[in-house]
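Contents: one structure, followed by commentary.
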Amino acid sequence: MTITQLPSGSYRIRQMYKGHTYSKVIPYKPTKKEAITIMAEMMEHAPVEASTASNRTLGGAIEHFIAEREKAGISPASVRGYLVIYRNIPEKYKNLVISDITSDDIQKLVNEYGKTRTAKTVRNMYSLVRSSLRQIRPNLVLVCNLPSAERKAEYEPTTEDIRRILEAAKGSRYEIVLRLAALAVRRGEAIAVTAADLTGNVLTINKDVVLDKNENYVLKDRPKNESSNRRILLPESLANLIREKGVAFEGNPHTINEYLHKLQDRLDIPRFRLHMMRHFAVAYLHKEGFTEEQIMNWGGWSTSSVMKRAYRYNLDPEESQKDISNKLGNLNF
């Protein structure tokens with residue numbers, strides 16, 4: 001069952017039962033008990049009809065898929081992501097009867113959804129729709145043209161940028177989380193770190209902090225994926241600082257990027273997100289000659305393809321240009 005506030009200020013209660021979606025709009029926000037009562041009365045007086053899976057609407061199928069995934073224990077952040085996508089699908093597509101849906105219908109949805117959204121967001125929407133349909137019409141073949149994957153043009157920090165930022169952050173409440181980010185630790189993993197996670201100077205990464213569907217930060221008892229469980233050796237000064245503070249970070253995680261941007265402006269460094277410090281770590285380790293397997297194990301990636309495609313970049317390009325020029329110059333041509 002879902003309770004959603006509409007643009008008009010009213011609230012819509014929606015529930016899937018035996019393959020049929022029941023919906024009721026009321027002018028106030030009901031309690032859970034009230035919502036259950038309202039839906040029970042509606043279903044009791046609803047006309048009798050064949051309630052088969054093929055009668056479901058696309059919207060109902062997506063709601064069912066999300067609910068089942070949530071019951072299965074997927075990350076609260078994933079549930080939140082699904083719900084954001086679902087809310088942004090136009091109602092006319094949610095009301096499509098699944099037994100009548102064709103590839104052309106989904107192509108129209110892809111085209112409309114992509115008018116104001118990134119290629120990645122459109123692909124995520126399509127994946128959710130396809131997975132939801134597959135549960136009910138496993139033989140439905142979708143052939144759709146999706147927007148090409150795009151790489152956001154974002155400033156890639158140099159070694160000097162990172163050094164200056166970490167130096168300027170010393171003594172602030174953001175120091176630990178920034179230093180961890182430069183060691184390729186994800187933001188949610190860094191926020192979850194406490195002194196209890198240290199054994200000597202070895203940090204065990206086995207938790208994560210994420211946003212749930214109610215926009216609240218919650219602690220997960222596992223990181224992003226299985227490969228993210230790992231142990232990394234910290235510099236002694238950083239390990240001692242975590243022991244001294246007891247935790248890596250206290251406060252609203254949203255303020256981390258705000259603080260980082262203020263530092264960048266003050267230091268005259270182009271703005272980039274905290275997550276780009278993880279990209280920097282990959283570029284730096286690659287430049288220093290570490291193998292892909294070593295970098296994957298350190299940063300907690302499950303495949304090298306993701307790490308190479310999304311994270312690795314040419315660190316310190318001016319220095320690289322000089323090295324390449326010198327090497328080629330030695331060929332005497």
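Identifiers in the structure tokens: chain A, B, ... in order shown; residue index from 1 per chain; ligand index from 1 in order shown.
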request  = Taking the DSSP assignment computed from this structure's backbone, write out as a PyMOL selection string all residues of region 149-196 of chain A that belong to alpha helix (DSSP H).
outcome  = chain A and resi 159-168+175-182+187-191
Within 9 Å of region 255-267 of chain A, which residues of region 143-187 of chain A come that close, and what is the closest atom pair and distance in Å for each? Count only C-alpha atoms and give it as JSON lines.
{"residue": "A:Asp161", "atom": "CA", "partner": "A:Gln264", "partner_atom": "CA", "distance": 8.7}
{"residue": "A:Arg164", "atom": "CA", "partner": "A:Leu267", "partner_atom": "CA", "distance": 7.8}
{"residue": "A:Ile165", "atom": "CA", "partner": "A:Leu263", "partner_atom": "CA", "distance": 6.8}
{"residue": "A:Ala168", "atom": "CA", "partner": "A:Leu263", "partner_atom": "CA", "distance": 7.4}
{"residue": "A:Ala169", "atom": "CA", "partner": "A:Leu263", "partner_atom": "CA", "distance": 8.0}
{"residue": "A:Tyr174", "atom": "CA", "partner": "A:Ile256", "partner_atom": "CA", "distance": 6.9}
{"residue": "A:Val177", "atom": "CA", "partner": "A:Ile256", "partner_atom": "CA", "distance": 8.4}
{"residue": "A:Leu178", "atom": "CA", "partner": "A:Ile256", "partner_atom": "CA", "distance": 8.5}
request  = Check the DSSP output for the backbone and give back, as a ChimeraX atom specification, the residues of region 37-276 of chain A in strand (DSSP E).
outcome  = /A:198-199,202-205,208-211,217-220,230-233
How close does region 112-218 of chain A get to region 296-303 of chain A? List, as CSV, each residue of region 112-218 of chain A within 9 Å, its nearest atom pair and the distance in Å to one decimal, counting only C-alpha atoms.
residue,atom,partner,partner_atom,distance
A:Leu183,CA,A:Gly299,CA,8.1
A:Ala184,CA,A:Gly299,CA,5.6
A:Val185,CA,A:Gly299,CA,6.7
A:Arg186,CA,A:Gly299,CA,8.5
With a cut-off of 8 Å, could you pull out the residues of region 31-95 of chain A touching region 202-217 of chain A and give me the nearest pair of atoms for each, distance in Å to one decimal, using only C-alpha atoms, ordered by chain and ascending number, as a Markdown table?
| residue | atom | partner | partner_atom | distance |
| --- | --- | --- | --- | --- |
| A:Pro76 | CA | A:Asp212 | CA | 4.6 |
| A:Ala77 | CA | A:Asp212 | CA | 5.1 |
| A:Val79 | CA | A:Lys213 | CA | 6.3 |
| A:Arg80 | CA | A:Lys213 | CA | 4.1 |
| A:Gly81 | CA | A:Lys213 | CA | 7.8 |
| A:Leu83 | CA | A:Lys213 | CA | 7.2 |
Given the selection you just returned, output its residues as a file containing N, CA and C atoms, formatted as a PDB file, in the first residue's frame.
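Now in selection-v6.pdb:
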ATOM      1  N   PRO A  76      18.015   0.531   1.164  1.00  0.00           N
ATOM      2  CA  PRO A  76      17.040   1.632   1.224  1.00  0.00           C
ATOM      3  C   PRO A  76      17.282   2.674   0.149  1.00  0.00           C
ATOM      4  N   ALA A  77      18.538   2.863  -0.228  1.00  0.00           N
ATOM      5  CA  ALA A  77      18.855   3.823  -1.285  1.00  0.00           C
ATOM      6  C   ALA A  77      18.303   3.353  -2.625  1.00  0.00           C
ATOM      7  N   VAL A  79      15.626   1.408  -3.020  1.00  0.00           N
ATOM      8  CA  VAL A  79      14.176   1.591  -2.937  1.00  0.00           C
ATOM      9  C   VAL A  79      13.829   3.047  -3.227  1.00  0.00           C
ATOM     10  N   ARG A  80      14.574   3.951  -2.614  1.00  0.00           N
ATOM     11  CA  ARG A  80      14.343   5.386  -2.845  1.00  0.00           C
ATOM     12  C   ARG A  80      14.513   5.720  -4.322  1.00  0.00           C
ATOM     13  N   GLY A  81      15.551   5.178  -4.952  1.00  0.00           N
ATOM     14  CA  GLY A  81      15.780   5.441  -6.365  1.00  0.00           C
ATOM     15  C   GLY A  81      14.643   4.939  -7.239  1.00  0.00           C
ATOM     16  N   LEU A  83      11.504   4.559  -6.327  1.00  0.00           N
ATOM     17  CA  LEU A  83      10.314   5.374  -6.101  1.00  0.00           C
ATOM     18  C   LEU A  83      10.411   6.725  -6.792  1.00  0.00           C
TER      19      LEU A  83
END
ask   = To one decimal place, how far is CA of Ile66 (chain A) from CA of Ser131 (chain A) in Å?
value = 10.1 Å
8 Å contact set for Lys120 (chain A), only C-alpha atoms, chain neighbours under 2 positions out, as a PDB file with N, CA and C atoms, in the first residue's frame:
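Once everything was written out, this is around.pdb:
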ATOM      1  N   THR A 118      18.751  12.783 -17.967  1.00  0.00           N
ATOM      2  CA  THR A 118      20.003  12.277 -18.513  1.00  0.00           C
ATOM      3  C   THR A 118      19.824  10.872 -19.072  1.00  0.00           C
ATOM      4  N   VAL A 122      17.303   7.745 -17.825  1.00  0.00           N
ATOM      5  CA  VAL A 122      16.378   7.076 -18.741  1.00  0.00           C
ATOM      6  C   VAL A 122      16.643   5.573 -18.762  1.00  0.00           C
ATOM      7  N   ARG A 123      17.895   5.190 -18.779  1.00  0.00           N
ATOM      8  CA  ARG A 123      18.249   3.772 -18.790  1.00  0.00           C
ATOM      9  C   ARG A 123      17.816   3.088 -17.491  1.00  0.00           C
ATOM     10  N   ASN A 124      17.942   3.796 -16.371  1.00  0.00           N
ATOM     11  CA  ASN A 124      17.492   3.233 -15.094  1.00  0.00           C
ATOM     12  C   ASN A 124      15.979   3.049 -15.085  1.00  0.00           C
ATOM     13  N   ALA A 149      24.909   6.199 -23.617  1.00  0.00           N
ATOM     14  CA  ALA A 149      25.501   6.532 -22.321  1.00  0.00           C
ATOM     15  C   ALA A 149      26.394   7.751 -22.485  1.00  0.00           C
ATOM     16  N   GLU A 150      26.323   8.630 -21.517  1.00  0.00           N
ATOM     17  CA  GLU A 150      27.094   9.862 -21.605  1.00  0.00           C
ATOM     18  C   GLU A 150      28.019   9.982 -20.399  1.00  0.00           C
TER      19      GLU A 150
END
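Using only C-alpha atoms, the residues found no farther than 12 Å from Arg243 (chain A), other than those of its own chain fewer than 5 positions away, are A:Ile176, A:Val193, A:Thr194, A:Ala195, A:Ala196, A:Asp197, A:Leu198, A:Thr199, A:Gly200, A:Asn201, A:Val202, A:Leu203, A:Glu236, A:Ser237, A:Leu238, A:Ala248.
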Would you mind exporting the chosen residues as a tab-separated table (two decimals), in the first residue's frame, restricted to N, CA and C atoms?
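This is the output file out_31.tsv:
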chain	number	residue	atom	x	y	z
A	176	ILE	N	38.59	14.19	8.46
A	176	ILE	CA	38.68	12.74	8.35
A	176	ILE	C	37.97	12.23	7.10
A	193	VAL	N	32.13	5.15	9.43
A	193	VAL	CA	33.33	4.70	10.15
A	193	VAL	C	33.34	5.19	11.60
A	194	THR	N	33.67	4.28	12.52
A	194	THR	CA	33.87	4.62	13.93
A	194	THR	C	35.21	4.03	14.38
A	195	ALA	N	35.65	4.43	15.57
A	195	ALA	CA	36.92	3.92	16.10
A	195	ALA	C	36.88	2.41	16.28
A	196	ALA	N	35.67	1.85	16.48
A	196	ALA	CA	35.54	0.41	16.67
A	196	ALA	C	35.88	-0.37	15.40
A	197	ASP	N	35.93	0.30	14.27
A	197	ASP	CA	36.23	-0.37	13.00
A	197	ASP	C	37.73	-0.51	12.78
A	198	LEU	N	38.52	0.02	13.70
A	198	LEU	CA	39.98	-0.05	13.57
A	198	LEU	C	40.57	-1.20	14.37
A	199	THR	N	41.50	-1.89	13.74
A	199	THR	CA	42.33	-2.87	14.43
A	199	THR	C	43.76	-2.43	14.18
A	200	GLY	N	44.34	-1.76	15.16
A	200	GLY	CA	45.60	-1.09	14.90
A	200	GLY	C	45.33	0.04	13.92
A	201	ASN	N	46.03	0.03	12.81
A	201	ASN	CA	45.80	1.04	11.77
A	201	ASN	C	45.01	0.49	10.58
A	202	VAL	N	44.49	-0.72	10.73
A	202	VAL	CA	43.71	-1.36	9.66
A	202	VAL	C	42.23	-1.04	9.85
A	203	LEU	N	41.62	-0.46	8.83
A	203	LEU	CA	40.21	-0.10	8.88
A	203	LEU	C	39.37	-1.16	8.16
A	236	GLU	N	49.06	6.12	9.86
A	236	GLU	CA	48.92	6.12	11.32
A	236	GLU	C	48.27	7.40	11.84
A	237	SER	N	48.60	8.55	11.25
A	237	SER	CA	48.04	9.81	11.71
A	237	SER	C	46.52	9.85	11.53
A	238	LEU	N	46.01	9.26	10.45
A	238	LEU	CA	44.57	9.23	10.20
A	238	LEU	C	43.88	8.26	11.16
A	248	ALA	N	34.19	9.15	12.23
A	248	ALA	CA	34.79	9.88	11.11
A	248	ALA	C	34.07	11.19	10.85
message = At a cut-off of 12 Å, using only C-alpha atoms, what residues contact Asn139 (chain A)? Leave out same-chain residues fewer than 4 positions from it and give the result as a count of residues only.
response = 6
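Minimum atom-to-atom distance to Arg278 (chain A), evaluated using only C-alpha atoms, belongs to A:Arg187 out of A:Arg137, A:Arg222, A:Arg187, A:Lys245.
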message = Env of Arg14 (chain A): 12 Å cut, atoms = only C-alpha atoms, seq-sep filter 2 positions within chain, self excluded. Answer as a list in words.
response = Met1, Thr2, Ile3, Thr4, Gln5, Tyr11, Arg12, Met16, Tyr17, His20, Thr21, Tyr22, Ser23, Lys24, Val25, Ile26, Ala35, Ile36, Ile38, Met39, Ala40, Met42, Met43, Gly59, Gly60, Glu63 and His64 of chain A
Can you spit out the residues from that selection as a tab-separated table (two decimals), in the first residue's frame, using N, CA and C atoms?
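Writing the result to again34.tsv gives the following:
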chain	number	residue	atom	x	y	z
A	1	MET	N	0.85	-1.20	0.00
A	1	MET	CA	0.00	0.00	0.00
A	1	MET	C	0.88	1.24	0.00
A	2	THR	N	0.49	2.23	-0.80
A	2	THR	CA	1.22	3.50	-0.81
A	2	THR	C	0.26	4.65	-0.59
A	3	ILE	N	0.76	5.67	0.11
A	3	ILE	CA	-0.01	6.89	0.34
A	3	ILE	C	0.81	8.03	-0.22
A	4	THR	N	0.27	8.71	-1.24
A	4	THR	CA	1.03	9.74	-1.95
A	4	THR	C	0.26	11.06	-1.94
A	5	GLN	N	0.98	12.15	-1.64
A	5	GLN	CA	0.35	13.47	-1.72
A	5	GLN	C	0.37	13.95	-3.16
A	11	TYR	N	-4.60	13.38	-0.92
A	11	TYR	CA	-3.75	12.20	-0.79
A	11	TYR	C	-4.39	11.01	-1.51
A	12	ARG	N	-3.57	10.26	-2.23
A	12	ARG	CA	-4.05	9.08	-2.93
A	12	ARG	C	-3.54	7.83	-2.23
A	16	MET	N	-2.36	-2.82	-4.32
A	16	MET	CA	-2.50	-3.91	-5.27
A	16	MET	C	-3.05	-5.13	-4.55
A	17	TYR	N	-4.11	-5.77	-5.10
A	17	TYR	CA	-4.68	-6.95	-4.49
A	17	TYR	C	-5.17	-7.90	-5.57
A	20	HIS	N	-5.08	-6.63	-9.15
A	20	HIS	CA	-5.82	-5.41	-9.50
A	20	HIS	C	-5.36	-4.27	-8.59
A	21	THR	N	-5.23	-3.08	-9.17
A	21	THR	CA	-4.83	-1.92	-8.39
A	21	THR	C	-6.07	-1.13	-7.96
A	22	TYR	N	-6.20	-0.91	-6.65
A	22	TYR	CA	-7.29	-0.11	-6.11
A	22	TYR	C	-6.73	1.25	-5.68
A	23	SER	N	-7.47	2.31	-6.01
A	23	SER	CA	-6.99	3.66	-5.72
A	23	SER	C	-8.11	4.52	-5.18
A	24	LYS	N	-7.80	5.34	-4.18
A	24	LYS	CA	-8.78	6.24	-3.57
A	24	LYS	C	-8.11	7.56	-3.23
A	25	VAL	N	-8.74	8.68	-3.63
A	25	VAL	CA	-8.22	10.00	-3.32
A	25	VAL	C	-9.07	10.63	-2.23
A	26	ILE	N	-8.42	11.12	-1.17
A	26	ILE	CA	-9.13	11.77	-0.06
A	26	ILE	C	-8.47	13.11	0.25
A	35	ALA	N	-6.17	4.17	6.30
A	35	ALA	CA	-5.95	3.77	4.91
A	35	ALA	C	-6.33	2.31	4.68
A	36	ILE	N	-5.98	1.46	5.63
A	36	ILE	CA	-6.33	0.04	5.53
A	36	ILE	C	-7.85	-0.14	5.50
A	38	ILE	N	-10.15	2.11	4.61
A	38	ILE	CA	-10.69	2.65	3.35
A	38	ILE	C	-10.50	1.67	2.21
A	39	MET	N	-9.33	1.07	2.11
A	39	MET	CA	-9.07	0.11	1.04
A	39	MET	C	-9.91	-1.15	1.20
A	40	ALA	N	-10.09	-1.58	2.44
A	40	ALA	CA	-10.90	-2.79	2.69
A	40	ALA	C	-12.34	-2.58	2.24
A	42	MET	N	-13.36	-0.42	-0.03
A	42	MET	CA	-13.38	-0.29	-1.48
A	42	MET	C	-13.34	-1.67	-2.14
A	43	MET	N	-12.46	-2.55	-1.65
A	43	MET	CA	-12.34	-3.87	-2.25
A	43	MET	C	-13.58	-4.72	-2.00
A	59	GLY	N	1.69	0.75	-13.86
A	59	GLY	CA	1.97	1.36	-12.57
A	59	GLY	C	1.85	0.37	-11.42
A	60	GLY	N	0.80	-0.46	-11.47
A	60	GLY	CA	0.63	-1.46	-10.43
A	60	GLY	C	1.74	-2.48	-10.42
A	63	GLU	N	4.80	-0.90	-8.83
A	63	GLU	CA	4.63	-0.83	-7.38
A	63	GLU	C	4.87	-2.19	-6.75
A	64	HIS	N	4.32	-3.23	-7.39
A	64	HIS	CA	4.49	-4.60	-6.87
A	64	HIS	C	5.96	-5.00	-6.89
task = Give me the residues within 8 Å of region 103-105 of chain A as a ChimeraX atom specification, counting only C-alpha atoms and dropping any in the same chain fewer than 4 places off.
result = /A:109,141-144
key: Length of the CA of Ala72 (chain A) to CA of Leu219 (chain A) vector [Å]   =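 Between CA of Ala72 (chain A) and CA of Leu219 (chain A) the gap is 17.4 Å.
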task = Can you work out the spacing between CA of Glu156 (chain A) and CA of Arg271 (chain A) in Å, to one decimal?
result = 9.4 Å
